[in-house]
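Okay, coords28.tsv is below, TSV, N, CA and C atoms:
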```tsv
chain	number	residue	atom	x	y	z
N	1	ARG	N	27.43	50.63	-24.32
N	1	ARG	CA	27.02	50.55	-22.93
N	1	ARG	C	25.85	51.47	-22.69
N	2	VAL	N	25.05	51.09	-21.74
N	2	VAL	CA	23.90	51.89	-21.37
N	2	VAL	C	23.70	51.72	-19.86
N	3	ALA	N	23.24	52.78	-19.23
N	3	ALA	CA	22.98	52.73	-17.78
N	3	ALA	C	21.68	53.46	-17.50
N	4	ALA	N	20.93	52.94	-16.55
N	4	ALA	CA	19.71	53.60	-16.10
N	4	ALA	C	19.87	53.91	-14.61
N	5	VAL	N	19.52	55.13	-14.24
N	5	VAL	CA	19.67	55.57	-12.85
N	5	VAL	C	18.39	56.24	-12.43
N	6	HIS	N	17.86	55.84	-11.28
N	6	HIS	CA	16.73	56.56	-10.69
N	6	HIS	C	17.32	57.54	-9.68
N	7	ALA	N	17.02	58.82	-9.88
N	7	ALA	CA	17.59	59.82	-8.98
N	7	ALA	C	16.48	60.74	-8.47
N	8	GLY	N	15.76	60.28	-7.47
N	8	GLY	CA	14.85	61.17	-6.76
N	8	GLY	C	15.69	62.11	-5.92
N	9	TRP	N	15.07	62.85	-5.01
N	9	TRP	CA	15.86	63.82	-4.26
N	9	TRP	C	16.95	63.17	-3.43
N	10	ARG	N	16.68	61.99	-2.89
N	10	ARG	CA	17.71	61.31	-2.09
N	10	ARG	C	18.86	60.83	-2.97
N	11	GLY	N	18.54	60.38	-4.18
N	11	GLY	CA	19.58	59.99	-5.14
N	11	GLY	C	20.42	61.18	-5.56
N	12	VAL	N	19.78	62.31	-5.78
N	12	VAL	CA	20.50	63.54	-6.12
N	12	VAL	C	21.38	63.96	-4.94
N	13	GLU	N	20.82	63.91	-3.76
N	13	GLU	CA	21.58	64.29	-2.57
N	13	GLU	C	22.78	63.36	-2.36
N	14	ASN	N	22.63	62.09	-2.69
N	14	ASN	CA	23.71	61.12	-2.54
N	14	ASN	C	24.60	61.00	-3.78
N	15	LYS	N	24.38	61.90	-4.75
N	15	LYS	CA	25.21	62.00	-5.96
N	15	LYS	C	25.25	60.71	-6.77
N	16	ILE	N	24.11	60.05	-6.91
N	16	ILE	CA	24.06	58.78	-7.63
N	16	ILE	C	24.48	58.93	-9.09
N	17	ILE	N	24.14	60.05	-9.72
N	17	ILE	CA	24.53	60.24	-11.12
N	17	ILE	C	26.04	60.38	-11.24
N	18	GLU	N	26.67	61.09	-10.32
N	18	GLU	CA	28.13	61.22	-10.35
N	18	GLU	C	28.80	59.87	-10.16
N	19	LYS	N	28.31	59.08	-9.23
N	19	LYS	CA	28.88	57.77	-8.98
N	19	LYS	C	28.73	56.87	-10.20
N	20	THR	N	27.60	56.96	-10.87
N	20	THR	CA	27.37	56.15	-12.07
N	20	THR	C	28.30	56.58	-13.20
N	21	ILE	N	28.41	57.89	-13.42
N	21	ILE	CA	29.30	58.40	-14.48
N	21	ILE	C	30.74	57.95	-14.22
N	22	LYS	N	31.21	58.10	-13.00
N	22	LYS	CA	32.58	57.71	-12.66
N	22	LYS	C	32.80	56.22	-12.86
N	23	LYS	N	31.80	55.43	-12.50
N	23	LYS	CA	31.91	53.97	-12.69
N	23	LYS	C	32.00	53.63	-14.18
N	24	LEU	N	31.17	54.29	-14.99
N	24	LEU	CA	31.21	54.06	-16.43
N	24	LEU	C	32.58	54.44	-17.01
N	25	ILE	N	33.10	55.58	-16.62
N	25	ILE	CA	34.41	56.02	-17.11
N	25	ILE	C	35.51	55.06	-16.65
N	26	ASN	N	35.47	54.68	-15.38
N	26	ASN	CA	36.49	53.78	-14.84
N	26	ASN	C	36.46	52.39	-15.45
N	27	THR	N	35.35	52.02	-16.05
N	27	THR	CA	35.25	50.69	-16.68
N	27	THR	C	35.33	50.78	-18.21
N	28	GLY	N	35.81	51.94	-18.72
N	28	GLY	CA	36.11	52.03	-20.14
N	28	GLY	C	35.16	52.79	-21.03
N	29	SER	N	34.13	53.40	-20.49
N	29	SER	CA	33.21	54.17	-21.34
N	29	SER	C	33.85	55.49	-21.75
N	30	ASN	N	33.59	55.89	-22.98
N	30	ASN	CA	34.11	57.15	-23.52
N	30	ASN	C	33.14	58.27	-23.17
N	31	GLN	N	33.55	59.16	-22.28
N	31	GLN	CA	32.65	60.21	-21.82
N	31	GLN	C	32.27	61.18	-22.93
N	32	LYS	N	33.02	61.24	-24.01
N	32	LYS	CA	32.67	62.11	-25.13
N	32	LYS	C	31.43	61.61	-25.87
N	33	LYS	N	31.07	60.36	-25.64
N	33	LYS	CA	29.90	59.79	-26.30
N	33	LYS	C	28.69	59.72	-25.37
N	34	PHE	N	28.81	60.26	-24.17
N	34	PHE	CA	27.70	60.20	-23.23
N	34	PHE	C	26.52	61.03	-23.72
N	35	LYS	N	25.35	60.47	-23.56
N	35	LYS	CA	24.10	61.17	-23.81
N	35	LYS	C	23.21	60.88	-22.61
N	36	PHE	N	22.45	61.88	-22.21
N	36	PHE	CA	21.60	61.74	-21.04
N	36	PHE	C	20.16	62.01	-21.43
N	37	TRP	N	19.28	61.24	-20.84
N	37	TRP	CA	17.84	61.41	-21.02
N	37	TRP	C	17.23	61.42	-19.63
N	38	VAL	N	16.55	62.49	-19.30
N	38	VAL	CA	15.92	62.62	-17.98
N	38	VAL	C	14.42	62.47	-18.19
N	39	GLY	N	13.88	61.39	-17.66
N	39	GLY	CA	12.47	61.07	-17.86
N	39	GLY	C	11.54	61.90	-17.00
N	40	PRO	N	10.28	61.53	-17.01
N	40	PRO	CA	9.28	62.25	-16.21
N	40	PRO	C	9.71	62.31	-14.75
N	41	HIS	N	9.54	63.48	-14.16
N	41	HIS	CA	9.93	63.67	-12.76
N	41	HIS	C	9.17	64.85	-12.19
N	42	ILE	N	9.20	64.96	-10.88
N	42	ILE	CA	8.51	66.08	-10.25
N	42	ILE	C	9.21	67.38	-10.64
N	43	GLN	N	8.43	68.34	-11.05
N	43	GLN	CA	8.96	69.64	-11.47
N	43	GLN	C	9.00	70.60	-10.28
N	44	GLN	N	9.77	71.67	-10.43
N	44	GLN	CA	9.98	72.60	-9.32
N	44	GLN	C	8.68	73.13	-8.74
N	45	GLU	N	7.70	73.44	-9.57
N	45	GLU	CA	6.43	74.01	-9.07
N	45	GLU	C	5.71	73.05	-8.11
N	46	SER	N	6.01	71.76	-8.24
N	46	SER	CA	5.34	70.74	-7.42
N	46	SER	C	6.21	70.19	-6.31
N	47	PHE	N	7.50	70.44	-6.37
N	47	PHE	CA	8.42	69.83	-5.42
N	47	PHE	C	8.63	70.73	-4.20
N	48	GLU	N	7.65	70.70	-3.32
N	48	GLU	CA	7.64	71.50	-2.10
N	48	GLU	C	8.32	70.71	-1.00
N	49	VAL	N	9.31	71.35	-0.36
N	49	VAL	CA	10.06	70.68	0.71
N	49	VAL	C	10.23	71.62	1.90
N	50	GLU	N	10.59	71.02	3.00
N	50	GLU	CA	10.91	71.78	4.21
N	50	GLU	C	12.38	72.20	4.17
N	51	ALA	N	12.77	73.00	5.12
N	51	ALA	CA	14.13	73.53	5.18
N	51	ALA	C	15.19	72.44	5.28
N	52	ASP	N	14.88	71.31	5.94
N	52	ASP	CA	15.88	70.25	6.10
N	52	ASP	C	16.29	69.65	4.75
N	53	VAL	N	15.33	69.43	3.87
N	53	VAL	CA	15.64	68.88	2.54
N	53	VAL	C	16.36	69.92	1.70
N	54	GLU	N	15.92	71.16	1.77
N	54	GLU	CA	16.59	72.23	1.02
N	54	GLU	C	18.04	72.33	1.47
N	55	LYS	N	18.30	72.21	2.75
N	55	LYS	CA	19.65	72.32	3.28
N	55	LYS	C	20.52	71.17	2.76
N	56	LEU	N	19.97	69.96	2.72
N	56	LEU	CA	20.72	68.81	2.20
N	56	LEU	C	21.06	69.00	0.72
N	57	LEU	N	20.07	69.44	-0.06
N	57	LEU	CA	20.29	69.61	-1.49
N	57	LEU	C	21.18	70.80	-1.80
N	58	SER	N	21.20	71.79	-0.93
N	58	SER	CA	22.05	72.96	-1.18
N	58	SER	C	23.53	72.62	-1.04
N	59	LYS	N	23.84	71.47	-0.48
N	59	LYS	CA	25.24	71.04	-0.34
N	59	LYS	C	25.78	70.33	-1.57
N	60	VAL	N	24.91	70.00	-2.53
N	60	VAL	CA	25.34	69.17	-3.67
N	60	VAL	C	25.08	69.83	-5.02
N	61	HIS	N	24.97	71.15	-5.04
N	61	HIS	CA	24.61	71.84	-6.27
N	61	HIS	C	25.78	72.44	-7.02
N	62	TYR	N	26.98	72.35	-6.48
N	62	TYR	CA	28.21	72.78	-7.15
N	62	TYR	C	28.18	74.21	-7.66
N	63	GLY	N	27.91	75.13	-6.79
N	63	GLY	CA	28.06	76.53	-7.13
N	63	GLY	C	26.89	77.21	-7.80
N	64	LEU	N	25.80	76.52	-7.98
N	64	LEU	CA	24.62	77.21	-8.50
N	64	LEU	C	24.18	78.27	-7.50
N	65	LYS	N	23.69	79.36	-7.99
N	65	LYS	CA	23.08	80.34	-7.10
N	65	LYS	C	21.78	79.74	-6.57
N	66	THR	N	21.46	80.04	-5.34
N	66	THR	CA	20.26	79.47	-4.73
N	66	THR	C	19.03	79.71	-5.60
N	67	GLU	N	18.90	80.91	-6.17
N	67	GLU	CA	17.72	81.22	-6.99
N	67	GLU	C	17.68	80.42	-8.29
N	68	ASP	N	18.80	79.78	-8.66
N	68	ASP	CA	18.82	78.95	-9.88
N	68	ASP	C	18.16	77.58	-9.66
N	69	PHE	N	18.10	77.12	-8.43
N	69	PHE	CA	17.52	75.81	-8.17
N	69	PHE	C	16.46	75.81	-7.07
N	70	CYS	N	16.21	76.95	-6.45
N	70	CYS	CA	15.29	76.97	-5.32
N	70	CYS	C	14.50	78.27	-5.28
N	71	SER	N	13.21	78.15	-5.02
N	71	SER	CA	12.40	79.33	-4.77
N	71	SER	C	11.72	79.13	-3.41
N	72	PHE	N	11.26	80.22	-2.83
N	72	PHE	CA	10.66	80.17	-1.50
N	72	PHE	C	9.36	80.94	-1.53
N	73	LYS	N	8.27	80.28	-1.16
N	73	LYS	CA	6.99	80.97	-1.05
N	73	LYS	C	6.11	80.24	-0.05
N	74	ASN	N	5.29	80.98	0.63
N	74	ASN	CA	4.38	80.43	1.65
N	74	ASN	C	5.11	79.54	2.66
N	75	LYS	N	6.29	79.98	3.05
N	75	LYS	CA	7.10	79.27	4.04
N	75	LYS	C	7.54	77.88	3.60
N	76	LYS	N	7.59	77.65	2.29
N	76	LYS	CA	8.03	76.37	1.74
N	76	LYS	C	9.10	76.62	0.68
N	77	TYR	N	9.97	75.65	0.52
N	77	TYR	CA	10.99	75.69	-0.52
N	77	TYR	C	10.50	74.86	-1.70
N	78	TYR	N	10.82	75.31	-2.90
N	78	TYR	CA	10.49	74.59	-4.12
N	78	TYR	C	11.80	74.36	-4.88
N	79	ILE	N	12.15	73.10	-5.05
N	79	ILE	CA	13.46	72.73	-5.57
N	79	ILE	C	13.38	72.24	-7.01
N	80	ASN	N	14.35	72.67	-7.81
N	80	ASN	CA	14.48	72.20	-9.19
N	80	ASN	C	15.58	71.15	-9.21
N	81	LEU	N	15.18	69.88	-9.10
N	81	LEU	CA	16.14	68.78	-9.11
N	81	LEU	C	16.90	68.70	-10.43
N	82	GLN	N	16.25	69.07	-11.50
N	82	GLN	CA	16.85	69.03	-12.83
N	82	GLN	C	18.10	69.92	-12.89
N	83	LYS	N	18.02	71.10	-12.31
N	83	LYS	CA	19.16	72.03	-12.30
N	83	LYS	C	20.32	71.47	-11.48
N	84	ILE	N	20.00	70.87	-10.34
N	84	ILE	CA	21.06	70.29	-9.50
N	84	ILE	C	21.69	69.11	-10.22
N	85	LEU	N	20.88	68.27	-10.83
N	85	LEU	CA	21.38	67.12	-11.58
N	85	LEU	C	22.33	67.57	-12.69
N	86	GLU	N	21.93	68.60	-13.43
N	86	GLU	CA	22.77	69.12	-14.50
N	86	GLU	C	24.10	69.64	-13.95
N	87	ALA	N	24.07	70.32	-12.81
N	87	ALA	CA	25.30	70.82	-12.19
N	87	ALA	C	26.20	69.66	-11.78
N	88	GLN	N	25.61	68.57	-11.30
N	88	GLN	CA	26.39	67.40	-10.91
N	88	GLN	C	27.04	66.75	-12.14
N	89	ILE	N	26.29	66.65	-13.22
N	89	ILE	CA	26.84	66.08	-14.46
N	89	ILE	C	28.00	66.95	-14.94
N	90	GLN	N	27.79	68.26	-14.97
N	90	GLN	CA	28.84	69.18	-15.43
N	90	GLN	C	30.07	69.09	-14.53
N	91	ASN	N	29.87	69.02	-13.24
N	91	ASN	CA	30.99	68.91	-12.31
N	91	ASN	C	31.79	67.64	-12.54
N	92	THR	N	31.11	66.56	-12.86
N	92	THR	CA	31.77	65.27	-13.05
N	92	THR	C	32.49	65.18	-14.39
N	93	LEU	N	31.86	65.72	-15.44
N	93	LEU	CA	32.43	65.61	-16.78
N	93	LEU	C	33.24	66.83	-17.21
N	94	GLY	N	33.09	67.95	-16.51
N	94	GLY	CA	33.78	69.16	-16.89
N	94	GLY	C	33.04	69.99	-17.92
N	95	SER	N	31.95	69.46	-18.43
N	95	SER	CA	31.10	70.19	-19.38
N	95	SER	C	29.72	69.55	-19.34
N	96	VAL	N	28.76	70.20	-19.98
N	96	VAL	CA	27.41	69.64	-20.04
N	96	VAL	C	27.23	68.96	-21.39
N	97	PRO	N	27.07	67.65	-21.39
N	97	PRO	CA	26.86	66.93	-22.65
N	97	PRO	C	25.41	67.08	-23.12
N	98	ASP	N	25.07	66.35	-24.15
N	98	ASP	CA	23.68	66.35	-24.61
N	98	ASP	C	22.78	65.78	-23.52
N	99	ILE	N	21.82	66.58	-23.10
N	99	ILE	CA	20.85	66.14	-22.11
N	99	ILE	C	19.46	66.45	-22.67
N	100	VAL	N	18.63	65.43	-22.72
N	100	VAL	CA	17.24	65.60	-23.16
N	100	VAL	C	16.37	65.49	-21.91
N	101	TYR	N	15.53	66.49	-21.71
N	101	TYR	CA	14.64	66.50	-20.57
N	101	TYR	C	13.21	66.27	-21.04
N	102	LEU	N	12.56	65.30	-20.46
N	102	LEU	CA	11.14	65.10	-20.70
N	102	LEU	C	10.43	65.82	-19.55
N	103	ASP	N	10.02	67.04	-19.80
N	103	ASP	CA	9.48	67.90	-18.75
N	103	ASP	C	8.01	67.58	-18.44
N	104	ILE	N	7.81	66.37	-17.96
N	104	ILE	CA	6.48	65.94	-17.53
N	104	ILE	C	6.50	65.90	-16.01
N	105	ASP	N	5.58	66.62	-15.40
N	105	ASP	CA	5.50	66.67	-13.95
N	105	ASP	C	4.70	65.46	-13.45
N	106	THR	N	5.38	64.56	-12.79
N	106	THR	CA	4.71	63.34	-12.33
N	106	THR	C	3.68	63.61	-11.24
N	107	LYS	N	3.80	64.72	-10.55
N	107	LYS	CA	2.81	65.03	-9.52
N	107	LYS	C	1.50	65.53	-10.12
N	108	THR	N	1.58	66.32	-11.18
N	108	THR	CA	0.36	66.91	-11.73
N	108	THR	C	-0.21	66.13	-12.91
N	109	ASN	N	0.57	65.26	-13.52
N	109	ASN	CA	0.10	64.49	-14.66
N	109	ASN	C	-0.47	63.15	-14.18
N	110	PRO	N	-1.77	62.93	-14.32
N	110	PRO	CA	-2.39	61.71	-13.80
N	110	PRO	C	-1.97	60.43	-14.54
N	111	ASP	N	-1.26	60.56	-15.65
N	111	ASP	CA	-0.77	59.39	-16.37
N	111	ASP	C	0.44	58.76	-15.67
N	112	TYR	N	0.97	59.43	-14.66
N	112	TYR	CA	2.15	58.95	-13.95
N	112	TYR	C	1.86	58.83	-12.47
N	113	TYR	N	2.49	57.85	-11.84
N	113	TYR	CA	2.39	57.67	-10.40
N	113	TYR	C	3.23	58.75	-9.72
N	114	SER	N	2.74	59.28	-8.63
N	114	SER	CA	3.49	60.22	-7.82
N	114	SER	C	3.25	59.90	-6.36
N	115	TYR	N	4.31	59.64	-5.62
N	115	TYR	CA	4.17	59.39	-4.20
N	115	TYR	C	3.54	60.59	-3.50
N	116	ARG	N	3.88	61.78	-3.93
N	116	ARG	CA	3.34	62.99	-3.31
N	116	ARG	C	1.85	63.15	-3.57
N	117	ARG	N	1.36	62.56	-4.62
N	117	ARG	CA	-0.07	62.66	-4.94
N	117	ARG	C	-0.81	61.37	-4.55
N	118	ASP	N	-0.18	60.22	-4.72
N	118	ASP	CA	-0.85	58.92	-4.59
N	118	ASP	C	-0.16	58.00	-3.59
N	119	SER	N	0.23	58.47	-2.46
N	119	SER	CA	1.08	57.68	-1.56
N	119	SER	C	0.48	56.33	-1.18
N	120	HIS	N	-0.82	56.19	-1.20
N	120	HIS	CA	-1.44	54.94	-0.78
N	120	HIS	C	-1.97	54.14	-1.97
N	121	THR	N	-1.06	53.81	-2.87
N	121	THR	CA	-1.42	53.01	-4.03
N	121	THR	C	-0.31	52.02	-4.33
N	122	LYS	N	-0.65	50.98	-5.04
N	122	LYS	CA	0.37	50.00	-5.44
N	122	LYS	C	0.88	50.29	-6.84
N	123	LYS	N	0.42	51.38	-7.44
N	123	LYS	CA	0.88	51.75	-8.78
N	123	LYS	C	2.33	52.21	-8.72
N	124	ARG	N	3.03	51.98	-9.84
N	124	ARG	CA	4.41	52.42	-9.97
N	124	ARG	C	4.65	52.83	-11.42
N	125	ASN	N	5.67	53.65	-11.63
N	125	ASN	CA	6.10	54.00	-12.97
N	125	ASN	C	7.15	52.98	-13.39
N	126	LEU	N	7.17	52.66	-14.64
N	126	LEU	CA	8.13	51.71	-15.17
N	126	LEU	C	8.79	52.35	-16.38
N	127	SER	N	10.10	52.37	-16.39
N	127	SER	CA	10.85	52.93	-17.51
N	127	SER	C	11.74	51.85	-18.10
N	128	PHE	N	12.04	51.97	-19.37
N	128	PHE	CA	12.91	51.03	-20.05
N	128	PHE	C	14.05	51.79	-20.71
N	129	ILE	N	15.16	51.14	-20.84
N	129	ILE	CA	16.30	51.71	-21.55
N	129	ILE	C	16.93	50.59	-22.36
N	130	CYS	N	17.37	50.93	-23.54
N	130	CYS	CA	18.04	49.92	-24.37
N	130	CYS	C	19.07	50.61	-25.25
N	131	LEU	N	19.99	49.83	-25.75
N	131	LEU	CA	21.00	50.31	-26.66
N	131	LEU	C	20.73	49.69	-28.01
N	132	LEU	N	20.44	50.54	-28.98
N	132	LEU	CA	20.17	50.07	-30.34
N	132	LEU	C	21.47	50.05	-31.12
N	133	SER	N	21.70	48.96	-31.80
N	133	SER	CA	22.95	48.90	-32.57
N	133	SER	C	22.70	49.04	-34.05
```

Full structure transcribed into structure tokens:
Amino acid sequence: RVAAVHAGWRGVENKIIEKTIKKLINTGSNQKKFKFWVGPHIQQESFEVEADVEKLLSKVHYGLKTEDFCSFKNKKYYINLQKILEAQIQNTLGSVPDIVYLDIDTKTNPDYYSYRRDSHTKKRNLSFICLLS
């Protein structure tokens, strides 16, 4: 089995990864064989948000210290979605499985579309997932 999940900040806030993991387990997937790959995404240095978004995300981080997923400068919050996502995976599975992070910042890397950089474009990122037997 294989699953692909897009989890921007709203997906993280709505716990989409937890819901997907639970669905996979409830339909017979062996959680001991889970592997996670986190593709290109906005990195903390680029993910500037207002207090309302920080407040929403601070409710779904499962005990992380604020400084582990959030920094504050120039009256803005900078959120590390990757840290929150990892906490959600750990909370759901009871441990952190193999997770591979592709630490490409979609906002600063021109090879990738970023709504925060290119909001008025028809370009999109496309990802593929497959299960090799």

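Around Thr92 in chain N, within 10 Å and counting only C-alpha atoms, the residues found are Ile17, Glu18, Lys19, Ile21, Lys22, Glu86 and Ala87 of chain N, once anything fewer than 5 positions away on its own chain is removed.
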
May I have the residues from that selection written out with N, CA and C atoms, as a PDB file, keeping the file's coordinate frame?
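What landed in out.pdb:
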```pdb
ATOM      1  N   ILE N  17      24.140  60.050  -9.720  1.00  0.00           N
ATOM      2  CA  ILE N  17      24.530  60.240 -11.120  1.00  0.00           C
ATOM      3  C   ILE N  17      26.040  60.380 -11.240  1.00  0.00           C
ATOM      4  N   GLU N  18      26.670  61.090 -10.320  1.00  0.00           N
ATOM      5  CA  GLU N  18      28.130  61.220 -10.350  1.00  0.00           C
ATOM      6  C   GLU N  18      28.800  59.870 -10.160  1.00  0.00           C
ATOM      7  N   LYS N  19      28.310  59.080  -9.230  1.00  0.00           N
ATOM      8  CA  LYS N  19      28.880  57.770  -8.980  1.00  0.00           C
ATOM      9  C   LYS N  19      28.730  56.870 -10.200  1.00  0.00           C
ATOM     10  N   ILE N  21      28.410  57.890 -13.420  1.00  0.00           N
ATOM     11  CA  ILE N  21      29.300  58.400 -14.480  1.00  0.00           C
ATOM     12  C   ILE N  21      30.740  57.950 -14.220  1.00  0.00           C
ATOM     13  N   LYS N  22      31.210  58.100 -13.000  1.00  0.00           N
ATOM     14  CA  LYS N  22      32.580  57.710 -12.660  1.00  0.00           C
ATOM     15  C   LYS N  22      32.800  56.220 -12.860  1.00  0.00           C
ATOM     16  N   GLU N  86      21.930  68.600 -13.430  1.00  0.00           N
ATOM     17  CA  GLU N  86      22.770  69.120 -14.500  1.00  0.00           C
ATOM     18  C   GLU N  86      24.100  69.640 -13.950  1.00  0.00           C
ATOM     19  N   ALA N  87      24.070  70.320 -12.810  1.00  0.00           N
ATOM     20  CA  ALA N  87      25.300  70.820 -12.190  1.00  0.00           C
ATOM     21  C   ALA N  87      26.200  69.660 -11.780  1.00  0.00           C
TER      22      ALA N  87
END
```

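Atom C of Arg10 in chain N to atom N of Lys23 in chain N spans 17.0 Å [interatomic distance, one decimal].
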
Starting from 3 Å padding per side, set up an axis-aligned box that covers all listed atoms of range 74-78 of chain N and hand over centre and edge lengths in Å, one decimal, as JSON.
```
{"center_x": 8.1, "center_y": 77.7, "center_z": -0.4, "size_x": 13.4, "size_y": 12.6, "size_z": 14.9}
```

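Residue neighbourhood of Ile16 in chain N, excluding near-sequence residues (fewer than 3 positions): Ala3, Ala4, Val5, His6, Ala7, Gly8, Trp9, Arg10, Gly11, Val12, Glu13, Lys19, Thr20, Ile21, Lys22, Lys23, Val60, Leu85, Gln88, Ile89 and Thr92 of chain N, at 12 Å, using only C-alpha atoms.
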
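Distances from N:Lys15, N:Phe34, N:Pro40, N:Arg1 to Leu102 in chain N were compared using all atoms listed in the file, and the smallest one belongs to N:Pro40.
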
If you count all atoms listed in the file, which residues fall within 8 Å of range 116-127 of chain N, apart from same-chain ones fewer than 6 positions away, as a ChimeraX atom specification? /N:106-108

Could the residues in this selection be saved with N, CA and C atoms as a short mmCIF file (atom, residue, chain, number, x, y, z; two decimals), keeping the file's coordinate frame?
```cif
data_model
loop_
_atom_site.label_atom_id
_atom_site.label_comp_id
_atom_site.auth_asym_id
_atom_site.auth_seq_id
_atom_site.Cartn_x
_atom_site.Cartn_y
_atom_site.Cartn_z
N THR N 106 5.38 64.56 -12.79
CA THR N 106 4.71 63.34 -12.33
C THR N 106 3.68 63.61 -11.24
N LYS N 107 3.80 64.72 -10.55
CA LYS N 107 2.81 65.03 -9.52
C LYS N 107 1.50 65.53 -10.12
N THR N 108 1.58 66.32 -11.18
CA THR N 108 0.36 66.91 -11.73
C THR N 108 -0.21 66.13 -12.91
#
```
